[in-house]
Amino acid sequence: MKLNYKGLILCLALAGTSCEKGLQPEVYNAISPENFFKTEGDVKTAVTGIYYELRGGGWERYTASWGGWLTQGIGCTDEWTTNWSTEQQTDFLWRAETDFCGLFYKAMLPAVTKATGLIAQVADAPVSDALKAQYTAELRAIRALIAFDLYDQYGPLPIIVDPKYVLDPTAAQAYKPSRPDVAWYVNFLETELKEVAEVLPVYYDNSGDYGRLTKGAALMVLLKLYMHEKQWTKAEATTKAIMDLKHYELQQDYAAIWRHDNQHNKEIIFSVSSAPTGGYGNNFLAETLPPDYVSRNGVSLTRWNGYRLPWGVWDTFDAKDKRRERLVRNYWNGSEVIDGRTVNTYLKAGALPMKYQENPNTDGTWDASEYVIYRYADVLLCRAEALNETKSGPVKEAIDLVNELRVRAGVDPIKLSDFDQTTFRDRILQERQWELCYEGGRRQDLIRHGKLISNAKARGKIFAEPKHVLYPIPQSAINENPNLTQNEGY
């Protein structure tokens with residue numbers, strides 16, 4: 001990796017000029033180390049620019065495209081099928097050379113490095129200590145968010161958190177780090193997230209700042225880390241900390257969470273902002289719709305005939321469940337209602353995951369709808385799961401948390417008397433799929449419950465092996481750094 005000081009500043013500053021909805025950067029026509037990082041506006045622009053790493057520059061980042069955060073999180077699970085050629089992922093045929101495995105790695109590992117460089121530059125900026133603390137906390141939070149998702153997919157990686165390997169070209173060129181152990185990596189993430197959560201605001205007063213990392217978002221990543229590590233007592237405490245913020249709440253209407261006219265609602269803890277322009281928008285709807293789908297609302301729609309939810313998962317939903325309404329079986333083709341399961345060849349693979357709905361302002365491509373990463377319902381389910389572990393079995397609070405979501409969905413509540421610790425553990429896994437289907441967490445949930453490989457084999461995926469709980473380090477990265485070891489089995 002070879003970086004130089006001037007190039008880093010220019011890259012980040014130019015990234016700050018992207019058209020993210022909510023985050024509103026200033027535009028500079030001539031940027032250099034001599035005229036940048038001189039004012040509060042400079043610093044805010046540079047910090048805003050790091051959010052570009054989540055969305056821009058390619059399809060493979062925090063998006064719904066193959067190799068991005070969503071498909072990496074569900075593409076090898078029972079929630080995913082598609083009309084496209086993704087058999088390498090769905091059938092567990094990937095290798096270290098397989099392209100999709102390395103897309104997120106190659107895009108997001110440098111983003112961690114950029115955040116580290118920015119942290120050092122903010123420290124030297126001529127702004128108040130209070131602003132330095134706020135912006136530094138924000139950068140550390142987004143660095144930890146990315147670093148956790150890399151860890152979840154690939155295991156501990158040699159993330160660059162020492163700025164000398166960013167700002168000193170000689171040191172950077174010679175740096176060939178080995179992988180840290182799990183204990184170091186987890187401790188780093190835990191320390192970063194706990195510290196920044198003490199500094200970040202619960203929310204931003206200026207609506208133009210929506211989408212920036214908040215206290216709740218940092219705590220949510222910390223919660224995901226604790227769940228990943230099965231540190232149940234800490235997970236239980238973190239769910240309480242999020243709930244005690246008194247800022248988040250469930251939407252009464254499940255479908256409204258993703259609706260274009262209900263953006264920034266209080267169920268959303270963290271989302272990636274979108275803009276109605278090429279490279280910065282939300283393409284989820286276009287990636288889903290079959291060629292003969294016609295809007296009843298007169299919206300002209302682009303249809304790429306991709307994403308589907310397998311019918312086997314669709315069948316597990318209660319027929320009354322309102323959440324299943326966003327996993328569409330029947331649709332209008334302009335002249336009749338099509339039963340996609342029995343009539344239309346476009347849909348024989350599965351239902352249409354349409355949590356992101358028609359927006360009269362776009363054709364389904366580059367939609368300005370925010371891309372939801374974490375929401376409050378997940379906190380309730382994590383707390384129920386953690387309570388089941390810390391209390392050695394289900395308790396009334398855990399059952400009540402699950403029932404909050406079931407009642408909203410229009411299905412019957414469950415009863416405490418029907419479960420012991422093992423059966424409630426299994427039920428939580430199922431409830432998570434019903435509530436959070438096609439939102440990117442299924443792989444993580446199955447791994448935590450020790451069921452990713454057994455679930456795959458039960459679906460006939462004969463090549464699934466224990467090594468597949470991690471994706472491989474891209475072979476190109478191994479070739480560049482002789483000290484970088486590959487994940488076991490690859």
# chains A, B, ... in the order shown; residues from 1 in each chain; ligands from 1
>>> residues_around(residues="Asn282 in chain A", least_positions_apart="6", cutoff="9 Å", atoms="only C-alpha atoms", output="list in words")
Thr63, Ala64, Ser273, Ser274, Ala275, Pro276, Tyr356, Gly364, Thr365, Trp366, Asp367, Ala368, Ser369, Glu370 and Tyr371 of chain A
>>> write_last_selection(atoms="C-alpha atoms", output="short mmCIF file (atom, residue, chain, number, x, y, z; two decimals), in the first residue's frame")
data_model
loop_
_atom_site.label_atom_id
_atom_site.label_comp_id
_atom_site.auth_asym_id
_atom_site.auth_seq_id
_atom_site.Cartn_x
_atom_site.Cartn_y
_atom_site.Cartn_z
CA THR A 63 -25.35 -1.50 -1.09
CA ALA A 64 -27.66 -4.23 -2.29
CA SER A 273 -28.02 8.28 2.85
CA SER A 274 -28.93 8.19 -0.83
CA ALA A 275 -29.29 10.79 -3.56
CA PRO A 276 -31.31 10.61 -6.81
CA TYR A 356 -38.28 -0.58 -0.58
CA GLY A 364 -36.53 2.42 -9.02
CA THR A 365 -32.93 3.25 -9.87
CA TRP A 366 -30.85 5.78 -7.95
CA ASP A 367 -33.75 6.28 -5.55
CA ALA A 368 -33.17 8.82 -2.79
CA SER A 369 -34.64 6.49 -0.16
CA GLU A 370 -32.18 5.96 2.67
CA TYR A 371 -30.63 2.49 2.79
#
>>> residues_around(residues="range 221-228 of chain A", least_positions_apart="4", cutoff="9 Å", atoms="only C-alpha atoms", output="ChimeraX atom specification")
/A:141,144-145,148,152,186,189-190,193-194,216-217,232-239,374,379,382,386,444-445,447-448
>>> closest_residue(among="A:Phe92, A:Arg55, A:Leu118, A:Val112", to="Gly460 in chain A", atoms="only C-alpha atoms")
A:Phe92
>>> select_by_dssp(residues="range 35-98 of chain A", states="alpha helix (DSSP H)", output="list in words")
Glu40, Gly41, Asp42, Val43, Lys44, Thr45, Ala46, Val47, Thr48, Gly49, Ile50, Tyr52, Glu53, Leu54, Arg55, Trp69, Leu70, Thr71, Gln72, Gly73, Ile74, Glu87, Gln88, Gln89 and Thr90 of chain A
>>> select_by_dssp(residues="range 151-359 of chain A", states="strand (DSSP E)", output="VMD selection string")
chain A and resid 268 to 272 307 to 308 327 to 328 330 to 332 337 to 339 352 to 353
>>> write_last_selection(atoms="N, CA and C atoms", output="compact mmCIF listing (two decimals), in the first residue's frame")
# COMPACT_ATOMS: atom_id res chain seq x y z
N ILE A 268 -35.30 3.73 12.66
CA ILE A 268 -34.00 3.59 12.00
C ILE A 268 -32.90 4.12 12.92
N ILE A 269 -31.95 3.26 13.23
CA ILE A 269 -30.81 3.65 14.07
C ILE A 269 -29.65 4.11 13.21
N PHE A 270 -29.42 3.43 12.11
CA PHE A 270 -28.38 3.89 11.18
C PHE A 270 -28.78 3.51 9.77
N SER A 271 -28.61 4.45 8.86
CA SER A 271 -28.86 4.20 7.45
C SER A 271 -27.80 4.91 6.63
N VAL A 272 -27.64 4.46 5.40
CA VAL A 272 -26.74 5.12 4.47
C VAL A 272 -27.58 6.04 3.60
N TYR A 307 -33.45 -10.07 -7.52
CA TYR A 307 -33.55 -10.63 -6.18
C TYR A 307 -34.87 -11.34 -5.93
N ARG A 308 -34.77 -12.47 -5.22
CA ARG A 308 -35.95 -13.24 -4.83
C ARG A 308 -35.75 -13.81 -3.43
N LEU A 327 -43.01 -9.16 1.00
CA LEU A 327 -42.35 -10.23 0.24
C LEU A 327 -43.39 -10.74 -0.75
N VAL A 328 -43.45 -10.08 -1.89
CA VAL A 328 -44.64 -10.08 -2.75
C VAL A 328 -44.73 -11.35 -3.60
N ASN A 330 -48.02 -11.89 -5.44
CA ASN A 330 -48.92 -11.51 -6.52
C ASN A 330 -48.67 -10.07 -6.95
N TYR A 331 -48.63 -9.83 -8.24
CA TYR A 331 -48.38 -8.47 -8.73
C TYR A 331 -49.14 -8.25 -10.04
N TRP A 332 -49.22 -7.01 -10.46
CA TRP A 332 -49.99 -6.58 -11.62
C TRP A 332 -49.06 -6.48 -12.83
N VAL A 337 -53.65 -9.80 -12.55
CA VAL A 337 -52.82 -10.10 -11.39
C VAL A 337 -52.11 -11.42 -11.64
N ILE A 338 -50.81 -11.41 -11.47
CA ILE A 338 -49.99 -12.59 -11.69
C ILE A 338 -49.66 -13.25 -10.35
N ASP A 339 -49.92 -14.53 -10.25
CA ASP A 339 -49.46 -15.31 -9.10
C ASP A 339 -48.06 -15.80 -9.45
N LEU A 352 -40.93 -11.56 -4.33
CA LEU A 352 -40.24 -10.29 -4.57
C LEU A 352 -40.00 -9.57 -3.25
N PRO A 353 -38.74 -9.39 -2.82
CA PRO A 353 -38.48 -8.65 -1.58
C PRO A 353 -38.63 -7.15 -1.85
>>> closest_residue(among="A:Met354, A:Cys76, A:Ala256, A:Leu139", to="Ala286 in chain A", atoms="only C-alpha atoms")
A:Met354
>>> residues_around(residues="Ala115 in chain A", least_positions_apart="5", cutoff="8 Å", atoms="only C-alpha atoms", output="VMD selection string")
chain A and resid 50 139 to 140 142 to 143
>>> decode(residues="range 271-406 of chain A", atoms="C-alpha atoms", output="PDB file, in the first residue's frame")
ATOM      1  CA  SER A 271     -28.862   4.204   7.446  1.00  0.00           C
ATOM      2  CA  VAL A 272     -26.740   5.125   4.465  1.00  0.00           C
ATOM      3  CA  SER A 273     -28.021   8.277   2.850  1.00  0.00           C
ATOM      4  CA  SER A 274     -28.932   8.191  -0.829  1.00  0.00           C
ATOM      5  CA  ALA A 275     -29.292  10.785  -3.559  1.00  0.00           C
ATOM      6  CA  PRO A 276     -31.314  10.606  -6.808  1.00  0.00           C
ATOM      7  CA  THR A 277     -28.252  10.569  -9.021  1.00  0.00           C
ATOM      8  CA  GLY A 278     -26.097   7.900 -10.599  1.00  0.00           C
ATOM      9  CA  GLY A 279     -23.732   6.215  -8.165  1.00  0.00           C
ATOM     10  CA  TYR A 280     -25.380   7.518  -5.003  1.00  0.00           C
ATOM     11  CA  GLY A 281     -28.902   6.139  -5.039  1.00  0.00           C
ATOM     12  CA  ASN A 282     -30.786   3.084  -3.851  1.00  0.00           C
ATOM     13  CA  ASN A 283     -31.310   0.460  -6.584  1.00  0.00           C
ATOM     14  CA  PHE A 284     -33.006  -2.209  -4.467  1.00  0.00           C
ATOM     15  CA  LEU A 285     -36.383  -2.003  -6.218  1.00  0.00           C
ATOM     16  CA  ALA A 286     -34.930  -2.108  -9.725  1.00  0.00           C
ATOM     17  CA  GLU A 287     -32.753  -5.072  -8.780  1.00  0.00           C
ATOM     18  CA  THR A 288     -35.883  -6.951  -7.710  1.00  0.00           C
ATOM     19  CA  LEU A 289     -38.714  -6.299 -10.188  1.00  0.00           C
ATOM     20  CA  PRO A 290     -39.516  -8.807 -12.963  1.00  0.00           C
ATOM     21  CA  PRO A 291     -39.768  -7.581 -16.578  1.00  0.00           C
ATOM     22  CA  ASP A 292     -43.570  -7.701 -16.714  1.00  0.00           C
ATOM     23  CA  TYR A 293     -44.199  -5.834 -13.425  1.00  0.00           C
ATOM     24  CA  VAL A 294     -46.398  -2.773 -13.936  1.00  0.00           C
ATOM     25  CA  SER A 295     -47.078  -0.107 -11.337  1.00  0.00           C
ATOM     26  CA  ARG A 296     -50.707   0.466 -10.428  1.00  0.00           C
ATOM     27  CA  ASN A 297     -49.696   4.023  -9.488  1.00  0.00           C
ATOM     28  CA  GLY A 298     -48.545   5.014 -12.929  1.00  0.00           C
ATOM     29  CA  VAL A 299     -44.859   5.024 -12.001  1.00  0.00           C
ATOM     30  CA  SER A 300     -42.473   4.152 -14.816  1.00  0.00           C
ATOM     31  CA  LEU A 301     -40.147   1.519 -13.399  1.00  0.00           C
ATOM     32  CA  THR A 302     -36.821  -0.034 -14.350  1.00  0.00           C
ATOM     33  CA  ARG A 303     -36.852  -3.820 -13.856  1.00  0.00           C
ATOM     34  CA  TRP A 304     -33.660  -5.869 -13.613  1.00  0.00           C
ATOM     35  CA  ASN A 305     -35.319  -9.172 -12.610  1.00  0.00           C
ATOM     36  CA  GLY A 306     -32.882 -10.156  -9.877  1.00  0.00           C
ATOM     37  CA  TYR A 307     -33.547 -10.631  -6.181  1.00  0.00           C
ATOM     38  CA  ARG A 308     -35.945 -13.235  -4.830  1.00  0.00           C
ATOM     39  CA  LEU A 309     -36.864 -14.769  -1.490  1.00  0.00           C
ATOM     40  CA  PRO A 310     -37.084 -18.578  -1.775  1.00  0.00           C
ATOM     41  CA  TRP A 311     -40.588 -19.919  -1.370  1.00  0.00           C
ATOM     42  CA  GLY A 312     -39.433 -22.226   1.411  1.00  0.00           C
ATOM     43  CA  VAL A 313     -38.815 -19.207   3.648  1.00  0.00           C
ATOM     44  CA  TRP A 314     -41.968 -17.420   2.455  1.00  0.00           C
ATOM     45  CA  ASP A 315     -43.989 -20.485   3.512  1.00  0.00           C
ATOM     46  CA  THR A 316     -42.800 -20.219   7.125  1.00  0.00           C
ATOM     47  CA  PHE A 317     -44.680 -16.940   7.627  1.00  0.00           C
ATOM     48  CA  ASP A 318     -48.138 -16.971   9.178  1.00  0.00           C
ATOM     49  CA  ALA A 319     -50.697 -16.171   6.492  1.00  0.00           C
ATOM     50  CA  LYS A 320     -51.824 -13.192   8.626  1.00  0.00           C
ATOM     51  CA  ASP A 321     -48.316 -11.798   9.004  1.00  0.00           C
ATOM     52  CA  LYS A 322     -48.151  -8.238   7.649  1.00  0.00           C
ATOM     53  CA  ARG A 323     -44.418  -8.610   7.202  1.00  0.00           C
ATOM     54  CA  ARG A 324     -45.027 -11.154   4.461  1.00  0.00           C
ATOM     55  CA  GLU A 325     -46.859  -8.467   2.487  1.00  0.00           C
ATOM     56  CA  ARG A 326     -43.476  -6.901   1.737  1.00  0.00           C
ATOM     57  CA  LEU A 327     -42.350 -10.233   0.244  1.00  0.00           C
ATOM     58  CA  VAL A 328     -44.638 -10.084  -2.751  1.00  0.00           C
ATOM     59  CA  ARG A 329     -46.188 -13.118  -4.405  1.00  0.00           C
ATOM     60  CA  ASN A 330     -48.919 -11.509  -6.522  1.00  0.00           C
ATOM     61  CA  TYR A 331     -48.383  -8.472  -8.730  1.00  0.00           C
ATOM     62  CA  TRP A 332     -49.987  -6.581 -11.623  1.00  0.00           C
ATOM     63  CA  ASN A 333     -48.621  -6.972 -15.168  1.00  0.00           C
ATOM     64  CA  GLY A 334     -50.799  -4.308 -16.750  1.00  0.00           C
ATOM     65  CA  SER A 335     -53.739  -6.533 -17.605  1.00  0.00           C
ATOM     66  CA  GLU A 336     -54.083  -9.086 -14.810  1.00  0.00           C
ATOM     67  CA  VAL A 337     -52.821 -10.100 -11.391  1.00  0.00           C
ATOM     68  CA  ILE A 338     -49.992 -12.591 -11.689  1.00  0.00           C
ATOM     69  CA  ASP A 339     -49.460 -15.312  -9.103  1.00  0.00           C
ATOM     70  CA  GLY A 340     -45.722 -15.441  -9.294  1.00  0.00           C
ATOM     71  CA  ARG A 341     -45.553 -18.835  -7.680  1.00  0.00           C
ATOM     72  CA  THR A 342     -47.765 -20.737 -10.069  1.00  0.00           C
ATOM     73  CA  VAL A 343     -47.937 -18.766 -13.314  1.00  0.00           C
ATOM     74  CA  ASN A 344     -45.001 -16.523 -14.057  1.00  0.00           C
ATOM     75  CA  THR A 345     -41.639 -18.028 -14.955  1.00  0.00           C
ATOM     76  CA  TYR A 346     -39.932 -14.838 -13.794  1.00  0.00           C
ATOM     77  CA  LEU A 347     -40.883 -15.608 -10.189  1.00  0.00           C
ATOM     78  CA  LYS A 348     -40.636 -19.375  -9.862  1.00  0.00           C
ATOM     79  CA  ALA A 349     -37.451 -18.880  -7.846  1.00  0.00           C
ATOM     80  CA  GLY A 350     -39.226 -16.938  -5.121  1.00  0.00           C
ATOM     81  CA  ALA A 351     -41.143 -13.910  -3.856  1.00  0.00           C
ATOM     82  CA  LEU A 352     -40.239 -10.294  -4.574  1.00  0.00           C
ATOM     83  CA  PRO A 353     -38.476  -8.646  -1.585  1.00  0.00           C
ATOM     84  CA  MET A 354     -40.114  -5.216  -1.829  1.00  0.00           C
ATOM     85  CA  LYS A 355     -39.457  -3.543   1.494  1.00  0.00           C
ATOM     86  CA  TYR A 356     -38.280  -0.579  -0.576  1.00  0.00           C
ATOM     87  CA  GLN A 357     -41.423   0.457  -2.377  1.00  0.00           C
ATOM     88  CA  GLU A 358     -42.403   2.486  -5.399  1.00  0.00           C
ATOM     89  CA  ASN A 359     -41.349   6.109  -5.269  1.00  0.00           C
ATOM     90  CA  PRO A 360     -43.140   8.431  -7.740  1.00  0.00           C
ATOM     91  CA  ASN A 361     -39.967  10.532  -7.935  1.00  0.00           C
ATOM     92  CA  THR A 362     -37.760   7.799  -9.416  1.00  0.00           C
ATOM     93  CA  ASP A 363     -37.988   4.734 -11.665  1.00  0.00           C
ATOM     94  CA  GLY A 364     -36.533   2.421  -9.021  1.00  0.00           C
ATOM     95  CA  THR A 365     -32.927   3.249  -9.867  1.00  0.00           C
ATOM     96  CA  TRP A 366     -30.851   5.782  -7.947  1.00  0.00           C
ATOM     97  CA  ASP A 367     -33.748   6.278  -5.555  1.00  0.00           C
ATOM     98  CA  ALA A 368     -33.170   8.820  -2.791  1.00  0.00           C
ATOM     99  CA  SER A 369     -34.645   6.491  -0.162  1.00  0.00           C
ATOM    100  CA  GLU A 370     -32.176   5.955   2.675  1.00  0.00           C
ATOM    101  CA  TYR A 371     -30.633   2.489   2.790  1.00  0.00           C
ATOM    102  CA  VAL A 372     -31.479   1.009   6.184  1.00  0.00           C
ATOM    103  CA  ILE A 373     -28.646  -0.813   7.968  1.00  0.00           C
ATOM    104  CA  TYR A 374     -29.813  -1.019  11.602  1.00  0.00           C
ATOM    105  CA  ARG A 375     -33.218  -0.508  13.167  1.00  0.00           C
ATOM    106  CA  TYR A 376     -34.757  -0.644  16.619  1.00  0.00           C
ATOM    107  CA  ALA A 377     -36.604  -3.938  16.121  1.00  0.00           C
ATOM    108  CA  ASP A 378     -33.206  -5.634  15.969  1.00  0.00           C
ATOM    109  CA  VAL A 379     -32.352  -4.237  19.409  1.00  0.00           C
ATOM    110  CA  LEU A 380     -35.483  -5.803  20.912  1.00  0.00           C
ATOM    111  CA  LEU A 381     -34.695  -9.200  19.416  1.00  0.00           C
ATOM    112  CA  CYS A 382     -31.047  -9.018  20.504  1.00  0.00           C
ATOM    113  CA  ARG A 383     -32.186  -8.237  24.038  1.00  0.00           C
ATOM    114  CA  ALA A 384     -34.595 -11.178  24.045  1.00  0.00           C
ATOM    115  CA  GLU A 385     -31.797 -13.464  22.863  1.00  0.00           C
ATOM    116  CA  ALA A 386     -29.304 -12.132  25.397  1.00  0.00           C
ATOM    117  CA  LEU A 387     -31.802 -12.472  28.248  1.00  0.00           C
ATOM    118  CA  ASN A 388     -32.393 -16.099  27.303  1.00  0.00           C
ATOM    119  CA  GLU A 389     -28.668 -16.728  27.736  1.00  0.00           C
ATOM    120  CA  THR A 390     -28.006 -14.662  30.859  1.00  0.00           C
ATOM    121  CA  LYS A 391     -31.107 -15.952  32.652  1.00  0.00           C
ATOM    122  CA  SER A 392     -30.584 -19.576  31.536  1.00  0.00           C
ATOM    123  CA  GLY A 393     -33.937 -19.587  29.838  1.00  0.00           C
ATOM    124  CA  PRO A 394     -36.745 -17.346  28.677  1.00  0.00           C
ATOM    125  CA  VAL A 395     -38.214 -14.748  31.013  1.00  0.00           C
ATOM    126  CA  LYS A 396     -41.342 -12.665  30.701  1.00  0.00           C
ATOM    127  CA  GLU A 397     -39.457  -9.597  29.458  1.00  0.00           C
ATOM    128  CA  ALA A 398     -37.930 -11.565  26.581  1.00  0.00           C
ATOM    129  CA  ILE A 399     -41.315 -12.964  25.566  1.00  0.00           C
ATOM    130  CA  ASP A 400     -42.862  -9.492  25.767  1.00  0.00           C
ATOM    131  CA  LEU A 401     -40.161  -8.052  23.490  1.00  0.00           C
ATOM    132  CA  VAL A 402     -40.848 -10.667  20.834  1.00  0.00           C
ATOM    133  CA  ASN A 403     -44.568 -10.078  21.169  1.00  0.00           C
ATOM    134  CA  GLU A 404     -44.184  -6.341  20.543  1.00  0.00           C
ATOM    135  CA  LEU A 405     -43.065  -7.258  17.038  1.00  0.00           C
ATOM    136  CA  ARG A 406     -45.569 -10.046  16.573  1.00  0.00           C
TER     137      ARG A 406
END
